[in-house]
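Q: Following this line is entry.txt, made up of compact mmCIF, N, CA, C and O atoms:
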```txt
# COMPACT_ATOMS: atom_id res chain seq x y z
N MET A 1 -11.15 11.65 19.97
CA MET A 1 -11.16 12.41 18.74
C MET A 1 -9.87 13.21 18.64
O MET A 1 -9.40 13.79 19.61
N THR A 2 -9.32 13.22 17.46
CA THR A 2 -8.12 13.99 17.17
C THR A 2 -8.41 14.88 15.98
O THR A 2 -9.02 14.45 15.01
N SER A 3 -7.98 16.12 16.06
CA SER A 3 -8.15 17.05 14.94
C SER A 3 -6.79 17.60 14.55
O SER A 3 -5.93 17.82 15.40
N MET A 4 -6.60 17.80 13.25
CA MET A 4 -5.36 18.38 12.76
C MET A 4 -5.64 19.08 11.44
O MET A 4 -6.72 18.92 10.86
N THR A 5 -4.68 19.83 10.98
CA THR A 5 -4.80 20.50 9.68
C THR A 5 -3.61 20.13 8.81
O THR A 5 -2.57 19.72 9.31
N LYS A 6 -3.81 20.29 7.51
CA LYS A 6 -2.74 20.01 6.55
C LYS A 6 -2.86 21.04 5.44
O LYS A 6 -3.94 21.32 4.93
N LEU A 7 -1.73 21.58 5.06
CA LEU A 7 -1.67 22.53 3.96
C LEU A 7 -1.35 21.74 2.70
O LEU A 7 -0.43 20.92 2.69
N THR A 8 -2.14 21.94 1.65
CA THR A 8 -1.89 21.24 0.40
C THR A 8 -2.07 22.20 -0.77
O THR A 8 -2.61 23.29 -0.60
N PHE A 9 -1.59 21.80 -1.92
CA PHE A 9 -1.65 22.64 -3.12
C PHE A 9 -2.22 21.83 -4.27
O PHE A 9 -1.98 20.63 -4.36
N ALA A 10 -2.97 22.50 -5.15
CA ALA A 10 -3.53 21.82 -6.32
C ALA A 10 -3.68 22.81 -7.47
O ALA A 10 -3.88 24.01 -7.24
N ASN A 11 -3.58 22.29 -8.68
CA ASN A 11 -3.73 23.11 -9.88
C ASN A 11 -5.12 23.01 -10.50
O ASN A 11 -5.49 23.84 -11.32
N ASN A 12 -5.87 21.95 -10.13
CA ASN A 12 -7.20 21.77 -10.68
C ASN A 12 -8.01 20.87 -9.76
O ASN A 12 -7.48 20.29 -8.80
N GLN A 13 -9.29 20.72 -10.06
CA GLN A 13 -10.19 19.95 -9.21
C GLN A 13 -9.81 18.47 -9.16
O GLN A 13 -9.87 17.83 -8.12
N LYS A 14 -9.39 17.92 -10.28
CA LYS A 14 -9.00 16.51 -10.33
C LYS A 14 -7.81 16.23 -9.40
O LYS A 14 -7.80 15.25 -8.66
N GLU A 15 -6.82 17.11 -9.43
CA GLU A 15 -5.66 16.96 -8.56
C GLU A 15 -6.06 17.10 -7.09
O GLU A 15 -5.60 16.35 -6.23
N LEU A 16 -6.94 18.05 -6.79
CA LEU A 16 -7.40 18.25 -5.42
C LEU A 16 -8.15 17.01 -4.93
O LEU A 16 -7.92 16.54 -3.81
N ASP A 17 -9.04 16.46 -5.75
CA ASP A 17 -9.79 15.27 -5.37
C ASP A 17 -8.85 14.10 -5.07
O ASP A 17 -9.03 13.37 -4.10
N ARG A 18 -7.82 13.94 -5.91
CA ARG A 18 -6.85 12.86 -5.72
C ARG A 18 -6.09 13.05 -4.40
O ARG A 18 -5.91 12.11 -3.63
N LYS A 19 -5.67 14.27 -4.13
CA LYS A 19 -4.92 14.54 -2.89
C LYS A 19 -5.79 14.35 -1.66
O LYS A 19 -5.34 13.80 -0.65
N MET A 20 -7.04 14.78 -1.73
CA MET A 20 -7.96 14.62 -0.59
C MET A 20 -8.17 13.13 -0.30
O MET A 20 -8.16 12.71 0.85
N GLU A 21 -8.36 12.35 -1.35
CA GLU A 21 -8.56 10.91 -1.19
C GLU A 21 -7.30 10.25 -0.62
O GLU A 21 -7.39 9.39 0.26
N GLN A 22 -6.14 10.68 -1.07
CA GLN A 22 -4.88 10.13 -0.57
C GLN A 22 -4.69 10.45 0.92
O GLN A 22 -4.27 9.60 1.70
N ILE A 23 -5.00 11.68 1.30
CA ILE A 23 -4.90 12.08 2.72
C ILE A 23 -5.81 11.20 3.57
O ILE A 23 -5.42 10.68 4.61
N LYS A 24 -7.05 11.01 3.11
CA LYS A 24 -8.01 10.20 3.85
C LYS A 24 -7.53 8.75 3.95
O LYS A 24 -7.55 8.16 5.03
N GLN A 25 -7.07 8.17 2.86
CA GLN A 25 -6.59 6.79 2.87
C GLN A 25 -5.38 6.62 3.79
O GLN A 25 -5.30 5.63 4.51
N ASP A 26 -4.46 7.57 3.76
CA ASP A 26 -3.28 7.49 4.63
C ASP A 26 -3.68 7.44 6.10
O ASP A 26 -3.16 6.64 6.87
N HIS A 27 -4.62 8.30 6.49
CA HIS A 27 -5.04 8.33 7.90
C HIS A 27 -5.89 7.13 8.26
O HIS A 27 -5.84 6.65 9.40
N GLU A 28 -6.66 6.60 7.31
CA GLU A 28 -7.43 5.39 7.58
C GLU A 28 -6.51 4.20 7.79
O GLU A 28 -6.78 3.35 8.64
N GLN A 29 -5.41 4.14 7.05
CA GLN A 29 -4.45 3.05 7.23
C GLN A 29 -3.77 3.14 8.59
O GLN A 29 -3.52 2.13 9.24
N ARG A 30 -3.46 4.35 9.02
CA ARG A 30 -2.79 4.54 10.31
C ARG A 30 -3.73 4.33 11.49
O ARG A 30 -3.30 4.05 12.60
N ASN A 31 -5.03 4.54 11.24
CA ASN A 31 -6.04 4.47 12.30
C ASN A 31 -7.22 3.60 11.85
O ASN A 31 -8.33 4.10 11.67
N PRO A 32 -7.01 2.30 11.67
CA PRO A 32 -8.07 1.45 11.14
C PRO A 32 -9.29 1.33 12.06
O PRO A 32 -10.39 1.03 11.60
N GLU A 33 -9.12 1.62 13.34
CA GLU A 33 -10.22 1.53 14.29
C GLU A 33 -11.02 2.82 14.40
O GLU A 33 -11.93 2.93 15.20
N SER A 34 -10.70 3.80 13.56
CA SER A 34 -11.34 5.11 13.64
C SER A 34 -11.97 5.52 12.31
O SER A 34 -11.66 4.98 11.26
N THR A 35 -12.87 6.50 12.40
CA THR A 35 -13.46 7.11 11.22
C THR A 35 -12.70 8.38 10.92
O THR A 35 -12.45 9.19 11.82
N VAL A 36 -12.32 8.58 9.65
CA VAL A 36 -11.56 9.76 9.25
C VAL A 36 -12.48 10.69 8.46
O VAL A 36 -13.12 10.28 7.49
N GLU A 37 -12.56 11.95 8.89
CA GLU A 37 -13.37 12.96 8.22
C GLU A 37 -12.46 14.05 7.69
O GLU A 37 -11.59 14.55 8.41
N ILE A 38 -12.65 14.42 6.43
CA ILE A 38 -11.84 15.45 5.78
C ILE A 38 -12.74 16.62 5.43
O ILE A 38 -13.86 16.44 4.96
N SER A 39 -12.25 17.85 5.64
CA SER A 39 -13.04 19.04 5.29
C SER A 39 -12.14 20.13 4.74
O SER A 39 -10.94 20.16 4.98
N HIS A 40 -12.75 21.01 3.96
CA HIS A 40 -12.04 22.17 3.40
C HIS A 40 -12.19 23.32 4.40
O HIS A 40 -13.30 23.75 4.67
N LEU A 41 -11.09 23.80 4.95
CA LEU A 41 -11.16 24.89 5.93
C LEU A 41 -11.00 26.25 5.28
O LEU A 41 -11.74 27.18 5.58
N ASP A 42 -10.00 26.38 4.41
CA ASP A 42 -9.75 27.68 3.79
C ASP A 42 -9.05 27.49 2.45
O ASP A 42 -7.94 26.97 2.41
N PRO A 43 -9.64 27.85 1.37
CA PRO A 43 -11.00 28.37 1.24
C PRO A 43 -12.03 27.25 1.38
O PRO A 43 -11.70 26.08 1.24
N LYS A 44 -13.28 27.65 1.64
CA LYS A 44 -14.37 26.68 1.71
C LYS A 44 -14.58 26.08 0.33
O LYS A 44 -14.21 26.67 -0.69
N LEU A 45 -15.20 24.91 0.28
CA LEU A 45 -15.38 24.18 -0.98
C LEU A 45 -16.01 25.05 -2.07
O LEU A 45 -15.53 25.07 -3.20
N GLN A 46 -17.04 25.80 -1.74
CA GLN A 46 -17.73 26.61 -2.74
C GLN A 46 -16.92 27.83 -3.18
O GLN A 46 -17.22 28.44 -4.21
N ASP A 47 -15.86 28.17 -2.45
CA ASP A 47 -15.04 29.35 -2.78
C ASP A 47 -13.73 29.02 -3.48
O ASP A 47 -12.96 29.93 -3.79
N ILE A 48 -13.47 27.73 -3.73
CA ILE A 48 -12.21 27.35 -4.38
C ILE A 48 -12.24 27.80 -5.83
O ILE A 48 -13.20 27.55 -6.56
N GLU A 49 -11.17 28.48 -6.23
CA GLU A 49 -11.05 28.96 -7.61
C GLU A 49 -9.66 28.60 -8.12
O GLU A 49 -8.66 28.98 -7.54
N PHE A 50 -9.64 27.83 -9.21
CA PHE A 50 -8.37 27.44 -9.81
C PHE A 50 -8.07 28.40 -10.96
O PHE A 50 -8.91 28.60 -11.84
N LEU A 51 -6.88 29.01 -10.93
CA LEU A 51 -6.47 29.93 -11.98
C LEU A 51 -5.48 29.24 -12.91
O LEU A 51 -4.72 28.35 -12.49
N LYS A 52 -5.47 29.64 -14.16
CA LYS A 52 -4.73 28.93 -15.20
C LYS A 52 -3.24 28.77 -14.90
O LYS A 52 -2.69 27.69 -15.06
N TYR A 53 -2.57 29.80 -14.47
CA TYR A 53 -1.12 29.73 -14.29
C TYR A 53 -0.69 29.89 -12.84
O TYR A 53 0.41 30.36 -12.56
N GLN A 54 -1.57 29.50 -11.92
CA GLN A 54 -1.24 29.59 -10.49
C GLN A 54 -1.67 28.32 -9.78
O GLN A 54 -2.67 27.70 -10.14
N THR A 55 -0.93 27.95 -8.76
CA THR A 55 -1.29 26.83 -7.92
C THR A 55 -2.12 27.36 -6.76
O THR A 55 -1.81 28.40 -6.19
N THR A 56 -3.18 26.66 -6.42
CA THR A 56 -4.07 27.08 -5.34
C THR A 56 -3.65 26.39 -4.05
O THR A 56 -3.42 25.18 -4.02
N GLN A 57 -3.53 27.17 -3.00
CA GLN A 57 -3.18 26.66 -1.68
C GLN A 57 -4.46 26.43 -0.88
O GLN A 57 -5.34 27.28 -0.87
N LEU A 58 -4.55 25.27 -0.22
CA LEU A 58 -5.75 24.94 0.54
C LEU A 58 -5.38 24.42 1.92
O LEU A 58 -4.40 23.69 2.07
N LEU A 59 -6.18 24.78 2.91
CA LEU A 59 -6.01 24.27 4.26
C LEU A 59 -7.09 23.21 4.48
O LEU A 59 -8.28 23.50 4.37
N ILE A 60 -6.66 22.00 4.76
CA ILE A 60 -7.55 20.86 4.89
C ILE A 60 -7.65 20.47 6.36
O ILE A 60 -6.64 20.40 7.07
N GLY A 61 -8.86 20.21 6.83
CA GLY A 61 -9.08 19.74 8.19
C GLY A 61 -9.21 18.23 8.20
O GLY A 61 -9.87 17.65 7.34
N ILE A 62 -8.56 17.59 9.15
CA ILE A 62 -8.62 16.14 9.30
C ILE A 62 -9.11 15.85 10.72
O ILE A 62 -8.54 16.34 11.69
N ARG A 63 -10.17 15.07 10.81
CA ARG A 63 -10.72 14.71 12.12
C ARG A 63 -10.77 13.20 12.21
O ARG A 63 -11.32 12.53 11.33
N ILE A 64 -10.17 12.65 13.24
CA ILE A 64 -10.14 11.21 13.45
C ILE A 64 -10.99 10.91 14.69
O ILE A 64 -10.68 11.34 15.79
N VAL A 65 -12.07 10.16 14.46
CA VAL A 65 -13.03 9.85 15.52
C VAL A 65 -13.04 8.35 15.74
O VAL A 65 -13.21 7.58 14.79
N GLU A 66 -12.86 7.95 17.00
CA GLU A 66 -12.92 6.51 17.31
C GLU A 66 -14.32 5.99 17.06
O GLU A 66 -15.30 6.62 17.43
N LYS A 67 -14.39 4.81 16.41
CA LYS A 67 -15.67 4.17 16.18
C LYS A 67 -16.21 3.67 17.51
O LYS A 67 -15.45 3.21 18.37
N ALA A 68 -17.53 3.76 17.68
CA ALA A 68 -18.13 3.27 18.92
C ALA A 68 -17.96 1.77 19.01
O ALA A 68 -18.19 1.05 18.04
N LYS A 69 -17.57 1.31 20.17
CA LYS A 69 -17.38 -0.13 20.38
C LYS A 69 -18.73 -0.75 20.70
O LYS A 69 -19.50 -0.22 21.50
N ASP A 70 -19.00 -1.87 20.08
CA ASP A 70 -20.27 -2.57 20.27
C ASP A 70 -20.12 -3.54 21.43
O ASP A 70 -19.51 -4.59 21.30
N ASP A 71 -20.65 -3.19 22.60
CA ASP A 71 -20.54 -4.02 23.79
C ASP A 71 -21.74 -4.95 23.88
O ASP A 71 -22.80 -4.58 24.32
N LYS A 72 -21.55 -6.20 23.45
CA LYS A 72 -22.65 -7.18 23.51
C LYS A 72 -22.32 -8.24 24.52
O LYS A 72 -21.25 -8.62 24.75
```
Starting from the file, give its structure as structure tokens.
A:
Amino acid sequence: MTSMTKLTFANNQKELDRKMEQIKQDHEQRNPESTVEISHLDPKLQDIEFLKYQTTQLLIGIRIVEKAKDDK
């Protein structure tokens, strides 16, 4: 298992969703044998507030977990 963080910025929920999906896809491509989990570290998902003339800064958690190998 590998854990890391990434700082990202978004102006609205649509942009945040797109960036989160892009982060996940990028790590899935680099680690096809692993499961990639993305989480909101700061602020938490329920505390995110987008203001009209400000960009919101978010700290994203990325966890890469090796898939269990099926030994048959």
Q: Take the point (-11.8, 7.5, 16.6) as written in the file and pick out every residue within 8 Å of it, counting only C-alpha atoms; give the list as an mmCIF file with N, CA, C and O atoms, in the frame of the given file.
A:
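File produced: selection_6.cif:
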```cif
data_model
loop_
_atom_site.group_PDB
_atom_site.id
_atom_site.type_symbol
_atom_site.label_atom_id
_atom_site.label_comp_id
_atom_site.auth_asym_id
_atom_site.auth_seq_id
_atom_site.Cartn_x
_atom_site.Cartn_y
_atom_site.Cartn_z
ATOM 1 N N MET A 1 -11.150 11.650 19.970
ATOM 2 C CA MET A 1 -11.160 12.410 18.740
ATOM 3 C C MET A 1 -9.870 13.210 18.640
ATOM 4 O O MET A 1 -9.400 13.790 19.610
ATOM 5 N N THR A 2 -9.320 13.220 17.460
ATOM 6 C CA THR A 2 -8.120 13.990 17.170
ATOM 7 C C THR A 2 -8.410 14.880 15.980
ATOM 8 O O THR A 2 -9.020 14.450 15.010
ATOM 9 N N ASN A 31 -5.030 4.540 11.240
ATOM 10 C CA ASN A 31 -6.040 4.470 12.300
ATOM 11 C C ASN A 31 -7.220 3.600 11.850
ATOM 12 O O ASN A 31 -8.330 4.100 11.670
ATOM 13 N N GLU A 33 -9.120 1.620 13.340
ATOM 14 C CA GLU A 33 -10.220 1.530 14.290
ATOM 15 C C GLU A 33 -11.020 2.820 14.400
ATOM 16 O O GLU A 33 -11.930 2.930 15.200
ATOM 17 N N SER A 34 -10.700 3.800 13.560
ATOM 18 C CA SER A 34 -11.340 5.110 13.640
ATOM 19 C C SER A 34 -11.970 5.520 12.310
ATOM 20 O O SER A 34 -11.660 4.980 11.260
ATOM 21 N N THR A 35 -12.870 6.500 12.400
ATOM 22 C CA THR A 35 -13.460 7.110 11.220
ATOM 23 C C THR A 35 -12.700 8.380 10.920
ATOM 24 O O THR A 35 -12.450 9.190 11.820
ATOM 25 N N VAL A 36 -12.320 8.580 9.650
ATOM 26 C CA VAL A 36 -11.560 9.760 9.250
ATOM 27 C C VAL A 36 -12.480 10.690 8.460
ATOM 28 O O VAL A 36 -13.120 10.280 7.490
ATOM 29 N N ILE A 64 -10.170 12.650 13.240
ATOM 30 C CA ILE A 64 -10.140 11.210 13.450
ATOM 31 C C ILE A 64 -10.990 10.910 14.690
ATOM 32 O O ILE A 64 -10.680 11.340 15.790
ATOM 33 N N VAL A 65 -12.070 10.160 14.460
ATOM 34 C CA VAL A 65 -13.030 9.850 15.520
ATOM 35 C C VAL A 65 -13.040 8.350 15.740
ATOM 36 O O VAL A 65 -13.210 7.580 14.790
ATOM 37 N N GLU A 66 -12.860 7.950 17.000
ATOM 38 C CA GLU A 66 -12.920 6.510 17.310
ATOM 39 C C GLU A 66 -14.320 5.990 17.060
ATOM 40 O O GLU A 66 -15.300 6.620 17.430
ATOM 41 N N LYS A 67 -14.390 4.810 16.410
ATOM 42 C CA LYS A 67 -15.670 4.170 16.180
ATOM 43 C C LYS A 67 -16.210 3.670 17.510
ATOM 44 O O LYS A 67 -15.450 3.210 18.370
ATOM 45 N N ALA A 68 -17.530 3.760 17.680
ATOM 46 C CA ALA A 68 -18.130 3.270 18.920
ATOM 47 C C ALA A 68 -17.960 1.770 19.010
ATOM 48 O O ALA A 68 -18.190 1.050 18.040
#
```
Q: Quick one: everything within 8 Å of region 10-23 of chain A, counting only N, CA, C and O atoms, minus sequence neighbours fewer than 5 positions away in the same chain. Send it as a PyMOL selection string.
A: chain A and resi 28-30+36+38+49-58+62
Q: Could you pull out the strand (DSSP E) residues of chain A, going by DSSP on the backbone, and write them as a count of residues only?
A: 29
Q: As a ChimeraX atom specification, please: every residue in chain A that a backbone DSSP assignment puts in helix (DSSP H, G or I).
A: /A:13-30,45-47
Q: Rounded to one decimal place, report the atom C of His40 (chain A)-atom C of Asp26 (chain A) distance in Å.
A: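 About the pair atom C of His40 (chain A) and atom C of Asp26 (chain A): they are 18.1 Å apart.
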Q: Determine, counting only C-alpha atoms, which protein, DNA and RNA residues have an atom within 7 Å of an atom of Leu41 (chain A); residues of the same chain fewer than 4 positions away are not included. Present the result as an MDAnalysis selection string.
A: chainID A and resid 59:61
Q: Generate the coordinates of all heavy atoms for region 13-24 of chain A; report them as a CSV table (one decimal), in the frame of the given file.
A:
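Heads up, here's the output in rebuild.csv:
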```csv
chain,number,residue,atom,x,y,z
A,13,GLN,N,-9.3,20.7,-10.1
A,13,GLN,CA,-10.2,20.0,-9.2
A,13,GLN,C,-9.8,18.5,-9.2
A,13,GLN,O,-9.9,17.8,-8.1
A,13,GLN,CB,-11.6,20.1,-9.7
A,13,GLN,CG,-12.6,19.5,-8.7
A,13,GLN,CD,-12.7,20.2,-7.4
A,13,GLN,OE1,-12.7,21.4,-7.3
A,13,GLN,NE2,-12.6,19.4,-6.3
A,14,LYS,N,-9.4,17.9,-10.3
A,14,LYS,CA,-9.0,16.5,-10.3
A,14,LYS,C,-7.8,16.2,-9.4
A,14,LYS,O,-7.8,15.2,-8.7
A,14,LYS,CB,-8.6,16.1,-11.8
A,14,LYS,CG,-8.3,14.7,-12.0
A,14,LYS,CD,-8.1,14.4,-13.4
A,14,LYS,CE,-7.7,12.9,-13.6
A,14,LYS,NZ,-7.4,12.6,-15.0
A,15,GLU,N,-6.8,17.1,-9.4
A,15,GLU,CA,-5.7,17.0,-8.6
A,15,GLU,C,-6.1,17.1,-7.1
A,15,GLU,O,-5.6,16.4,-6.2
A,15,GLU,CB,-4.6,18.0,-8.9
A,15,GLU,CG,-3.3,17.9,-8.1
A,15,GLU,CD,-2.3,18.9,-8.5
A,15,GLU,OE1,-2.5,19.8,-9.2
A,15,GLU,OE2,-1.1,18.7,-8.0
A,16,LEU,N,-6.9,18.0,-6.8
A,16,LEU,CA,-7.4,18.2,-5.4
A,16,LEU,C,-8.2,17.0,-4.9
A,16,LEU,O,-7.9,16.5,-3.8
A,16,LEU,CB,-8.3,19.5,-5.3
A,16,LEU,CG,-8.9,19.7,-3.9
A,16,LEU,CD1,-7.9,19.9,-2.9
A,16,LEU,CD2,-9.8,20.9,-4.0
A,17,ASP,N,-9.0,16.5,-5.8
A,17,ASP,CA,-9.8,15.3,-5.4
A,17,ASP,C,-8.8,14.1,-5.1
A,17,ASP,O,-9.0,13.4,-4.1
A,17,ASP,CB,-10.8,14.9,-6.5
A,17,ASP,CG,-11.9,15.9,-6.6
A,17,ASP,OD1,-12.1,16.7,-5.7
A,17,ASP,OD2,-12.6,15.8,-7.7
A,18,ARG,N,-7.8,13.9,-5.9
A,18,ARG,CA,-6.8,12.9,-5.7
A,18,ARG,C,-6.1,13.0,-4.4
A,18,ARG,O,-5.9,12.1,-3.6
A,18,ARG,CB,-5.9,12.8,-6.9
A,18,ARG,CG,-4.8,11.7,-6.8
A,18,ARG,CD,-3.9,11.7,-7.9
A,18,ARG,NE,-3.2,13.0,-8.1
A,18,ARG,CZ,-2.1,13.4,-7.3
A,18,ARG,NH1,-1.7,12.6,-6.4
A,18,ARG,NH2,-1.5,14.6,-7.5
A,19,LYS,N,-5.7,14.3,-4.1
A,19,LYS,CA,-4.9,14.5,-2.9
A,19,LYS,C,-5.8,14.4,-1.7
A,19,LYS,O,-5.3,13.8,-0.6
A,19,LYS,CB,-4.3,16.0,-2.9
A,19,LYS,CG,-3.2,16.1,-3.9
A,19,LYS,CD,-2.5,17.4,-3.8
A,19,LYS,CE,-1.3,17.5,-4.6
A,19,LYS,NZ,-0.5,18.7,-4.4
A,20,MET,N,-7.0,14.8,-1.7
A,20,MET,CA,-8.0,14.6,-0.6
A,20,MET,C,-8.2,13.1,-0.3
A,20,MET,O,-8.2,12.7,0.8
A,20,MET,CB,-9.3,15.3,-0.9
A,20,MET,CG,-9.2,16.8,-1.0
A,20,MET,SD,-9.0,17.7,0.5
A,20,MET,CE,-10.6,17.5,1.2
A,21,GLU,N,-8.4,12.4,-1.4
A,21,GLU,CA,-8.6,10.9,-1.2
A,21,GLU,C,-7.3,10.2,-0.6
A,21,GLU,O,-7.4,9.4,0.3
A,21,GLU,CB,-8.9,10.3,-2.5
A,21,GLU,CG,-9.3,8.8,-2.4
A,21,GLU,CD,-10.5,8.5,-1.5
A,21,GLU,OE1,-11.4,9.4,-1.4
A,21,GLU,OE2,-10.5,7.5,-0.9
A,22,GLN,N,-6.1,10.7,-1.1
A,22,GLN,CA,-4.9,10.1,-0.6
A,22,GLN,C,-4.7,10.4,0.9
A,22,GLN,O,-4.3,9.6,1.7
A,22,GLN,CB,-3.7,10.7,-1.4
A,22,GLN,CG,-2.4,10.0,-1.0
A,22,GLN,CD,-2.3,8.6,-1.3
A,22,GLN,OE1,-2.7,8.1,-2.4
A,22,GLN,NE2,-1.9,7.8,-0.4
A,23,ILE,N,-5.0,11.7,1.3
A,23,ILE,CA,-4.9,12.1,2.7
A,23,ILE,C,-5.8,11.2,3.6
A,23,ILE,O,-5.4,10.7,4.6
A,23,ILE,CB,-5.3,13.6,2.9
A,23,ILE,CG1,-4.2,14.5,2.3
A,23,ILE,CG2,-5.5,13.9,4.4
A,23,ILE,CD1,-4.6,15.9,2.1
A,24,LYS,N,-7.0,11.0,3.1
A,24,LYS,CA,-8.0,10.2,3.8
A,24,LYS,C,-7.5,8.8,4.0
A,24,LYS,O,-7.6,8.2,5.0
A,24,LYS,CB,-9.4,10.3,3.2
A,24,LYS,CG,-10.4,9.5,4.0
A,24,LYS,CD,-11.8,9.8,3.4
A,24,LYS,CE,-12.8,9.1,4.3
A,24,LYS,NZ,-14.2,9.4,3.9
```
